[in-house]
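A.B. asks: Have a look at the structure that comes next, please.
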2 protein chains.
Amino acid sequence: MYRLALIGFGNVGQGLAQILRDRGDDLAERFGGPLRLVAVCDLLKGVVYAPEGLNPITLLEAVEQTGNLKGLPGVQKDWDALTTIRESDADVIVELSYTDLKTGEPARTHIEAALESGKHVVTTNKGPIALYYPQLAEKARANGVEIGAEGTVMSGTPALGLGLDYLAGAGVQKIQGILNGTTNYILTQMEAGASYSDALEEAQERGYAEADPTGDVEGHDAAGKVVILANLLMGAALTMNDVDCTGITSLTLADIQQAQAAGERWKLIGTVEKSGDSVKASVRPTRIPAAHPLASVGGATNAITFTTDLLGEVTLIGPGAGRIETGYALIVDLLAIHRKSGKKRT
Amino acid sequence: MYRLALIGFGNVGQGLAQILRDRGDDLAERFGGPLRLVAVCDLLKGVVYAPEGLNPITLLEAVEQTGNLKGLPGVQKDWDALTTIRESDADVIVELSYTDLKTGEPARTHIEAALESGKHVVTTNKGPIALYYPQLAEKARANGVEIGAEGTVMSGTPALGLGLDYLAGAGVQKIQGILNGTTNYILTQMEAGASYSDALEEAQERGYAEADPTGDVEGHDAAGKVVILANLLMGAALTMNDVDCTGITSLTLADIQQAQAAGERWKLIGTVEKSGDSVKASVRPTRIPAAHPLASVGGATNAITFTTDLLGEVTLIGPGAGRIETGYALIVDLLAIHRKSGKKRT
């Protein structure tokens with residue numbers, strides 16, 4: 001059995017609760033026991049703590065009906081996030097507070113507190129992982145616990161897991177990916193003839209792009225993911241400033257059509273590449289030949305190509321966002337922890 | 001440390017030896033100790049056994065220079081495969097004898113003997129895995145050892161690992177794949193204007209197709225892989241006869257061009273699909289819309305799309321054959337055994 005405390009109960013937290021509600025029995029079989037939610041702490045929705053376990057159905061209904069967790073049975077506490085992390089009887093902290101790619105806070109502090117309390121951490125939060133992974137991984141090792149971050153790259157599409165468990169032994173020399181669904185959606189719409197501004201507007205209407213789309217269209221979101229790939233899969237210690245980053249805002253409809261006429265497609269490509277003993281990273285619009293697997297990836301889908309010594313190119317294509325899809329990334333991390341920590345326990 | 005005995009030293013066995021020669025240090029780090037070759041037994045090349053370990057450089061040079069293993073230092077034995085499996089001081093048997101999709105022999109007998117001797121088995125041999133996996137897996141469980149078969153589907157591209165470790169929890173409903181490189185190469189050449197017979201001839205010249213291409217072009221090779229996917233990833237117990245199988249021999253250049261004109265591509269698609277409590281399997285030429293990830297997969301490359309409840313479609317594209325690529329599949333299996341059996345050991 002695993003006892004989970006959720007820090008943050010927005011989209012991803014609720015996605016995880018939906019998965020536990022709908023697939024709890026199947027997961028209990030895979031984990032050799034239930035995944036039990038013992039605490040949920042949300043800045044706006046309140047805190048609820050029940051060592052015997054919270055019912056995901058009740059949690060989801062409460063949020064749907066009242067917008068908060070205040071009327072719920074369970075021990076109500078005046079706990080803040082740090083107290084929940086330290087005092088709750090959880091063995092895994094699920095860090096889902098908001099993403100800040102400049103400071104990594106408050107998630108960094110949450111994760112450090114969890115690791116120092118001897119609790120595993122799983123998170124979909126790019127901020128602390130892009131900015132502080134080497135330090136956080138060291139702290140996890142020192143405390144004998146694990147840190148999982150699958151959902152920071154391609155939601156539940158297991159880009160990190162594939163790289164770490166399956167391709168690392170083949171000698172990964174280069175990783176290239178379409179790592180931002182918003183910009184890929186905009187570029188796909190432009191290929192169908194839309195102007196950049198019309199395509200952006202449509203992305204905003206569909207909820208793919210935020211009101212301030214800067215983080216997506218200037219490539220910062222993809223740059224964060226590139227840093228994560230470099231640091232987790234190539235053992236680098238890059239920071240956001242190490243990424244040579246160009247967004248898609250200067251691409252015109254004429255550029256798009258020129259590429260199409262030449263049998264190519266513009267994609268915003270994040271790249272990490274070994275170069276001697278160092279690792280170089282970039283995000284930039286790139287013309288991809290139509291025959292390459294990355295060229296076929298349209299709309300909000302994401303994809304990643306690993307270039308390896310032994311296998312040549314291996315490409316993984318799947319969703320890069322979504323409430324359930326990102327919630328599933330936490331299950332992927334928990335399964336990896338289960339495989340590893342089973343080792344230590346028995 | 002793992003002690004390996006190779007049964008068969010053809011292309012794949014030599015590919016594995018090359019990997020151990022070129023990447024031994026890196027692999028020793030990943031496995032927490034060396035992968036040591038203690039025995040090699042080949043029907044034609046001879047048998048060599050050295051409990052202290054055989055040097056892969058020496059093995060490869062011997063085969064290159066003399067075509068056999070007879071002049072090699074190490075204890076020469078009159079062992080046959082079964083004696084090597086039972087008497088050698090190995091903890092993993094690498095089964096690489098020839099593939100027979102009708103009987104699964106002699107590999108089935110080899111694998112059973114290995115499991116009964118308490119030795120793990122890794123194999124790239126489709127015959128015994130397609131025909132007898134449920135029984136072999138049961139025997140492995142009964143003897144407390146593992147059986148790995150990653151290389152039976154897409155060589156070292158980890159289709160089975162991705163499905164088992166990462167996607168099973170997402171609820172896999174359907175698996176579709178381009179699982180035979182020869183036929184995909186022929187179809188790609190036909191799209192470029194070649195007739196079926198010219199394309200086949202070129203595939204034979206390049207070594208993709210055998211002199212008797214029946215197994216590939218009639219879909220039997222893909223059908224074997226479909227059975228493996230059904231039985232390993234969906235817990236089914238299908239046999240070759242359960243696969244509704246049609247090859248590519250009746251596709252004409254006109255069919256190919258008609259599809260192209262409609263923005264589609266003919267691919268030989270293997271499908272496994274849940275249907276109530278049962279699993280249905282087929283291999284047949286299928287028209288795929290150009291926008292689908294499988295459509296972009298040309299030449300001898302393979303690909304597989306998992307349709308899941310939680311992630312929608314996830315596609316993996318990579319090599320499906322090759323000496324080093326298939327050799328690497330054995331490393332993938334050994335890494336999985338290492339993750340699992342570490343659990344039991346410590």
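How things are named: the first chain in the structure tokens is A, the next is B, and so on; residues count from 1 in each chain; ligands count from 1 in the order shown.
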Please find the residues of chain B near chain A - the criterion being any atom within 8 Å, counting only C-alpha atoms - and write them as a PyMOL selection string.

C.D. replies: chain B and resi 26-27+30+156-158+161-162+165-166+169-170+291-293+296-298+310-319+324-325+328+331-332+335+339-340+342-344+346

A.B. asks: Any chance you could dump chain A, least-squares fitted to chain B on all C-alpha atoms in order, as a compact mmCIF listing (two decimals) with C-alpha atoms, in the first residue's frame?

C.D. replies:
```
# COMPACT_ATOMS: atom_id res chain seq x y z
CA MET A 1 27.63 -9.94 -12.15
CA TYR A 2 25.68 -12.00 -14.64
CA ARG A 3 27.08 -15.15 -16.24
CA LEU A 4 25.69 -15.74 -19.73
CA ALA A 5 25.65 -18.91 -21.85
CA LEU A 6 24.83 -18.32 -25.52
CA ILE A 7 22.98 -21.05 -27.40
CA GLY A 8 23.61 -20.06 -30.99
CA PHE A 9 26.33 -17.73 -32.25
CA GLY A 10 24.97 -16.36 -35.52
CA ASN A 11 24.13 -12.77 -36.28
CA VAL A 12 22.36 -11.90 -33.04
CA GLY A 13 24.85 -13.69 -30.80
CA GLN A 14 27.71 -11.92 -32.53
CA GLY A 15 25.80 -8.63 -32.26
CA LEU A 16 25.56 -9.16 -28.51
CA ALA A 17 29.30 -9.98 -28.36
CA GLN A 18 30.04 -6.74 -30.25
CA ILE A 19 27.97 -4.77 -27.74
CA LEU A 20 29.82 -6.42 -24.83
CA ARG A 21 33.13 -5.67 -26.57
CA ASP A 22 32.32 -2.02 -27.31
CA ARG A 23 30.20 -1.00 -24.32
CA GLY A 24 31.27 -3.42 -21.61
CA ASP A 25 32.34 -0.73 -19.12
CA ASP A 26 29.16 1.28 -19.45
CA LEU A 27 27.06 -1.88 -19.08
CA ALA A 28 29.05 -3.10 -16.07
CA GLU A 29 28.15 0.18 -14.40
CA ARG A 30 24.45 -0.23 -15.19
CA PHE A 31 24.39 -3.84 -13.99
CA GLY A 32 26.57 -3.22 -10.95
CA GLY A 33 29.08 -5.73 -12.35
CA PRO A 34 30.19 -7.26 -15.65
CA LEU A 35 28.07 -9.28 -18.07
CA ARG A 36 30.36 -12.29 -18.43
CA LEU A 37 30.12 -14.76 -21.33
CA VAL A 38 30.90 -18.17 -19.82
CA ALA A 39 29.77 -20.45 -22.65
CA VAL A 40 28.99 -20.31 -26.33
CA CYS A 41 27.42 -23.31 -28.03
CA ASP A 42 26.71 -23.26 -31.74
CA LEU A 43 25.54 -26.22 -33.80
CA LEU A 44 28.02 -25.47 -36.58
CA LYS A 45 30.75 -23.42 -34.93
CA GLY A 46 31.44 -25.60 -31.89
CA VAL A 47 31.32 -25.17 -28.13
CA VAL A 48 33.58 -23.25 -25.82
CA TYR A 49 33.20 -23.01 -22.06
CA ALA A 50 35.25 -20.92 -19.65
CA PRO A 51 33.79 -20.33 -16.19
CA GLU A 52 36.21 -17.41 -15.69
CA GLY A 53 34.74 -15.72 -18.77
CA LEU A 54 35.34 -15.61 -22.53
CA ASN A 55 36.69 -12.47 -24.15
CA PRO A 56 34.20 -11.17 -26.74
CA ILE A 57 37.09 -9.82 -28.84
CA THR A 58 38.61 -13.31 -29.10
CA LEU A 59 35.25 -14.90 -29.90
CA LEU A 60 34.50 -12.43 -32.69
CA GLU A 61 37.99 -12.70 -34.17
CA ALA A 62 37.83 -16.49 -34.16
CA VAL A 63 34.53 -16.53 -36.04
CA GLU A 64 35.73 -13.92 -38.48
CA GLN A 65 39.02 -15.68 -39.17
CA THR A 66 38.14 -19.39 -39.00
CA GLY A 67 34.35 -19.46 -39.11
CA ASN A 68 34.30 -21.50 -35.92
CA LEU A 69 35.21 -21.57 -32.23
CA LYS A 70 37.39 -24.66 -32.31
CA GLY A 71 40.86 -23.14 -31.85
CA LEU A 72 39.81 -21.00 -28.90
CA PRO A 73 41.29 -21.17 -25.41
CA GLY A 74 38.75 -22.22 -22.82
CA VAL A 75 37.52 -25.64 -21.92
CA GLN A 76 36.43 -27.33 -25.15
CA LYS A 77 33.61 -29.75 -24.61
CA ASP A 78 31.64 -32.23 -26.59
CA TRP A 79 28.59 -30.61 -25.09
CA ASP A 80 25.40 -30.23 -27.05
CA ALA A 81 23.02 -27.34 -26.41
CA LEU A 82 21.08 -29.10 -23.62
CA THR A 83 24.23 -30.13 -21.79
CA THR A 84 25.60 -26.59 -22.10
CA ILE A 85 22.36 -25.26 -20.66
CA ARG A 86 22.36 -27.70 -17.76
CA GLU A 87 26.05 -28.03 -16.94
CA SER A 88 27.52 -24.60 -17.57
CA ASP A 89 27.92 -22.30 -14.62
CA ALA A 90 25.61 -19.66 -16.13
CA ASP A 91 22.75 -17.82 -14.48
CA VAL A 92 21.21 -16.63 -17.75
CA ILE A 93 20.72 -18.70 -20.91
CA VAL A 94 20.65 -16.61 -24.08
CA GLU A 95 18.58 -18.69 -26.51
CA LEU A 96 19.48 -17.81 -30.11
CA SER A 97 18.98 -21.02 -32.08
CA TYR A 98 17.07 -20.85 -35.37
CA THR A 99 13.41 -19.82 -35.53
CA ASP A 100 10.71 -22.36 -36.36
CA LEU A 101 7.22 -20.85 -36.24
CA LYS A 102 5.61 -24.29 -36.74
CA THR A 103 7.13 -26.27 -33.85
CA GLY A 104 9.12 -23.72 -31.83
CA GLU A 105 11.89 -26.34 -31.65
CA PRO A 106 14.65 -26.78 -30.71
CA ALA A 107 14.33 -23.52 -28.80
CA ARG A 108 11.32 -24.62 -26.77
CA THR A 109 13.23 -27.59 -25.37
CA HIS A 110 16.26 -25.38 -24.67
CA ILE A 111 14.18 -22.81 -22.79
CA GLU A 112 12.37 -25.44 -20.74
CA ALA A 113 15.66 -27.06 -19.75
CA ALA A 114 17.07 -23.67 -18.75
CA LEU A 115 14.05 -22.75 -16.63
CA GLU A 116 14.03 -26.18 -14.98
CA SER A 117 17.71 -25.67 -14.11
CA GLY A 118 16.79 -22.43 -12.34
CA LYS A 119 18.36 -20.24 -15.01
CA HIS A 120 16.85 -17.05 -16.43
CA VAL A 121 16.20 -17.04 -20.18
CA VAL A 122 16.49 -14.19 -22.65
CA THR A 123 15.69 -14.84 -26.28
CA THR A 124 15.01 -13.13 -29.59
CA ASN A 125 13.48 -16.33 -30.98
CA LYS A 126 9.86 -15.82 -32.06
CA GLY A 127 9.09 -19.54 -32.44
CA PRO A 128 8.86 -20.70 -28.83
CA ILE A 129 7.49 -17.35 -27.60
CA ALA A 130 4.69 -17.18 -30.18
CA LEU A 131 3.76 -20.85 -29.72
CA TYR A 132 4.33 -21.55 -26.02
CA TYR A 133 4.65 -18.36 -24.01
CA PRO A 134 1.89 -19.03 -21.46
CA GLN A 135 3.40 -22.45 -20.63
CA LEU A 136 6.97 -21.12 -20.54
CA ALA A 137 5.98 -18.17 -18.33
CA GLU A 138 4.28 -20.59 -15.92
CA LYS A 139 7.41 -22.74 -15.80
CA ALA A 140 9.55 -19.63 -15.17
CA ARG A 141 7.30 -18.63 -12.25
CA ALA A 142 7.39 -22.14 -10.84
CA ASN A 143 11.19 -22.07 -10.89
CA GLY A 144 11.56 -18.52 -9.58
CA VAL A 145 13.29 -17.21 -12.69
CA GLU A 146 12.48 -14.75 -15.47
CA ILE A 147 12.00 -15.03 -19.20
CA GLY A 148 12.68 -12.03 -21.44
CA ALA A 149 11.64 -11.82 -25.09
CA GLU A 150 11.91 -8.13 -26.06
CA GLY A 151 13.74 -8.94 -29.31
CA THR A 152 10.93 -11.08 -30.69
CA VAL A 153 8.84 -8.06 -31.70
CA MET A 154 10.81 -4.97 -32.80
CA SER A 155 14.42 -5.97 -32.10
CA GLY A 156 15.83 -3.60 -29.47
CA THR A 157 13.03 -1.03 -29.87
CA PRO A 158 11.30 -1.73 -26.55
CA ALA A 159 7.71 -2.38 -27.65
CA LEU A 160 7.11 -5.06 -25.00
CA GLY A 161 8.84 -3.11 -22.24
CA LEU A 162 6.88 0.06 -23.00
CA GLY A 163 3.64 -1.91 -23.03
CA LEU A 164 4.33 -3.83 -19.83
CA ASP A 165 6.08 -1.28 -17.62
CA TYR A 166 4.51 1.96 -18.76
CA LEU A 167 1.22 1.56 -20.60
CA ALA A 168 -0.46 -1.44 -18.97
CA GLY A 169 -1.76 0.76 -16.14
CA ALA A 170 -3.38 3.09 -18.70
CA GLY A 171 -5.68 0.31 -19.94
CA VAL A 172 -4.47 -0.92 -23.35
CA GLN A 173 -7.49 -1.65 -25.56
CA LYS A 174 -5.81 -2.10 -28.91
CA ILE A 175 -2.34 -2.52 -30.38
CA GLN A 176 -1.58 -1.91 -34.05
CA GLY A 177 1.80 -2.18 -35.62
CA ILE A 178 4.02 -2.29 -38.65
CA LEU A 179 5.86 -5.35 -37.45
CA ASN A 180 7.63 -6.63 -40.56
CA GLY A 181 10.37 -4.56 -42.15
CA THR A 182 10.55 -6.56 -45.39
CA THR A 183 6.96 -5.95 -46.41
CA ASN A 184 7.14 -2.31 -45.33
CA TYR A 185 10.22 -1.87 -47.49
CA ILE A 186 8.43 -3.46 -50.47
CA LEU A 187 5.35 -1.24 -50.00
CA THR A 188 7.55 1.86 -49.71
CA GLN A 189 9.33 0.94 -52.96
CA MET A 190 5.98 0.37 -54.68
CA GLU A 191 4.92 3.88 -53.60
CA ALA A 192 7.99 5.12 -55.46
CA GLY A 193 6.69 3.33 -58.56
CA ALA A 194 8.28 -0.13 -58.43
CA SER A 195 6.22 -3.21 -59.27
CA TYR A 196 5.71 -5.81 -56.54
CA SER A 197 8.19 -8.21 -58.13
CA ASP A 198 10.87 -5.56 -58.66
CA ALA A 199 10.44 -4.33 -55.09
CA LEU A 200 10.71 -7.89 -53.76
CA GLU A 201 13.84 -8.50 -55.79
CA GLU A 202 15.42 -5.33 -54.41
CA ALA A 203 14.50 -6.36 -50.86
CA GLN A 204 16.22 -9.69 -51.48
CA GLU A 205 19.33 -7.97 -52.88
CA ARG A 206 19.55 -5.78 -49.78
CA GLY A 207 19.23 -8.79 -47.50
CA TYR A 208 15.84 -7.71 -46.09
CA ALA A 209 13.97 -10.63 -47.70
CA GLU A 210 15.03 -14.24 -47.83
CA ALA A 211 15.28 -16.34 -51.01
CA ASP A 212 11.90 -17.83 -50.05
CA PRO A 213 10.03 -14.70 -48.93
CA THR A 214 6.80 -16.51 -48.02
CA GLY A 215 7.11 -16.02 -44.26
CA ASP A 216 7.33 -12.25 -44.70
CA VAL A 217 5.04 -11.48 -47.64
CA GLU A 218 2.22 -13.81 -46.54
CA GLY A 219 2.21 -12.14 -43.13
CA HIS A 220 3.30 -15.16 -41.04
CA ASP A 221 6.21 -13.32 -39.44
CA ALA A 222 3.92 -10.44 -38.46
CA ALA A 223 1.31 -12.95 -37.23
CA GLY A 224 3.87 -14.49 -34.87
CA LYS A 225 4.57 -11.03 -33.44
CA VAL A 226 0.85 -10.33 -33.10
CA VAL A 227 0.43 -13.52 -31.05
CA ILE A 228 3.34 -12.45 -28.86
CA LEU A 229 1.79 -9.00 -28.27
CA ALA A 230 -1.58 -10.55 -27.42
CA ASN A 231 -0.14 -13.12 -25.03
CA LEU A 232 2.50 -10.98 -23.31
CA LEU A 233 0.67 -7.64 -23.14
CA MET A 234 -2.98 -8.63 -22.97
CA GLY A 235 -2.76 -11.88 -21.06
CA ALA A 236 -4.33 -13.83 -23.93
CA ALA A 237 -3.47 -17.38 -24.91
CA LEU A 238 -3.72 -17.13 -28.70
CA THR A 239 -2.08 -19.46 -31.17
CA MET A 240 -0.95 -18.76 -34.74
CA ASN A 241 -4.26 -20.18 -35.98
CA ASP A 242 -6.19 -17.52 -34.10
CA VAL A 243 -4.72 -14.76 -36.29
CA ASP A 244 -6.82 -13.72 -39.27
CA CYS A 245 -3.88 -13.32 -41.64
CA THR A 246 -3.56 -11.80 -45.13
CA GLY A 247 -0.23 -10.88 -46.71
CA ILE A 248 0.69 -8.26 -49.30
CA THR A 249 1.02 -10.48 -52.38
CA SER A 250 -2.26 -9.43 -53.94
CA LEU A 251 -1.63 -5.68 -53.62
CA THR A 252 -1.06 -4.07 -57.00
CA LEU A 253 0.71 -0.91 -58.00
CA ALA A 254 -2.73 0.47 -58.88
CA ASP A 255 -3.95 -0.17 -55.30
CA ILE A 256 -0.92 1.65 -53.92
CA GLN A 257 -1.39 4.64 -56.23
CA GLN A 258 -5.13 4.83 -55.55
CA ALA A 259 -4.41 5.11 -51.83
CA GLN A 260 -1.73 7.75 -52.41
CA ALA A 261 -4.16 9.79 -54.49
CA ALA A 262 -6.59 9.69 -51.55
CA GLY A 263 -3.87 10.85 -49.11
CA GLU A 264 -3.46 7.37 -47.62
CA ARG A 265 -0.78 4.68 -47.51
CA TRP A 266 -1.06 0.89 -47.61
CA LYS A 267 0.68 -0.74 -44.66
CA LEU A 268 0.74 -4.36 -43.51
CA ILE A 269 -0.82 -3.86 -40.09
CA GLY A 270 -0.85 -6.36 -37.27
CA THR A 271 -3.71 -5.72 -34.84
CA VAL A 272 -4.59 -7.04 -31.41
CA GLU A 273 -7.82 -5.79 -29.92
CA LYS A 274 -9.79 -6.45 -26.77
CA SER A 275 -13.33 -7.47 -27.49
CA GLY A 276 -15.28 -8.16 -24.31
CA ASP A 277 -13.35 -10.84 -22.46
CA SER A 278 -11.53 -12.08 -25.52
CA VAL A 279 -8.75 -10.76 -27.73
CA LYS A 280 -8.99 -10.63 -31.52
CA ALA A 281 -5.90 -10.65 -33.70
CA SER A 282 -5.27 -10.00 -37.37
CA VAL A 283 -2.63 -9.17 -39.95
CA ARG A 284 -3.79 -7.46 -43.10
CA PRO A 285 -2.94 -4.74 -45.59
CA THR A 286 -4.64 -1.58 -44.37
CA ARG A 287 -5.03 1.92 -45.75
CA ILE A 288 -3.75 4.39 -43.17
CA PRO A 289 -4.51 8.14 -43.32
CA ALA A 290 -1.34 10.13 -44.02
CA ALA A 291 -1.72 12.06 -40.76
CA HIS A 292 -1.50 8.92 -38.60
CA PRO A 293 1.95 8.28 -37.07
CA LEU A 294 2.06 4.77 -38.62
CA ALA A 295 1.71 6.26 -42.12
CA SER A 296 5.05 8.07 -41.86
CA VAL A 297 6.95 4.86 -41.14
CA GLY A 298 8.79 3.95 -44.32
CA GLY A 299 11.38 1.41 -45.38
CA ALA A 300 12.50 -1.30 -42.99
CA THR A 301 11.52 0.67 -39.86
CA ASN A 302 8.88 -0.77 -37.53
CA ALA A 303 6.28 0.96 -35.37
CA ILE A 304 3.56 0.20 -32.89
CA THR A 305 0.56 2.22 -31.68
CA PHE A 306 -1.09 1.46 -28.34
CA THR A 307 -4.63 2.74 -27.90
CA THR A 308 -5.23 3.24 -24.21
CA ASP A 309 -8.08 4.38 -21.98
CA LEU A 310 -6.08 7.08 -20.20
CA LEU A 311 -3.56 8.32 -22.77
CA GLY A 312 -5.34 7.78 -26.07
CA GLU A 313 -2.79 6.75 -28.70
CA VAL A 314 0.90 6.31 -27.92
CA THR A 315 3.22 5.34 -30.78
CA LEU A 316 6.76 3.93 -30.69
CA ILE A 317 8.87 3.94 -33.87
CA GLY A 318 12.28 2.33 -34.27
CA PRO A 319 14.36 -0.35 -35.93
CA GLY A 320 12.74 -3.77 -36.29
CA ALA A 321 15.81 -5.76 -37.26
CA GLY A 322 19.59 -5.72 -37.47
CA ARG A 323 22.42 -7.57 -35.78
CA ILE A 324 23.33 -4.91 -33.20
CA GLU A 325 19.73 -3.73 -32.80
CA THR A 326 18.53 -7.25 -32.01
CA GLY A 327 21.58 -7.90 -29.83
CA TYR A 328 20.57 -4.85 -27.81
CA ALA A 329 17.15 -6.40 -27.18
CA LEU A 330 18.95 -8.98 -25.02
CA ILE A 331 20.48 -6.14 -22.99
CA VAL A 332 16.98 -4.68 -22.55
CA ASP A 333 15.79 -8.05 -21.20
CA LEU A 334 18.80 -8.40 -18.92
CA LEU A 335 18.21 -4.91 -17.52
CA ALA A 336 14.59 -5.85 -16.78
CA ILE A 337 15.74 -9.06 -15.05
CA HIS A 338 18.28 -7.02 -13.12
CA ARG A 339 15.56 -4.65 -11.90
CA LYS A 340 13.30 -7.54 -10.89
CA SER A 341 15.77 -10.01 -9.47
CA GLY A 342 17.61 -7.31 -7.55
CA LYS A 343 14.33 -7.11 -5.68
CA LYS A 344 14.55 -10.74 -4.63
CA ARG A 345 18.25 -10.79 -3.87
CA THR A 346 18.68 -7.90 -1.49
```
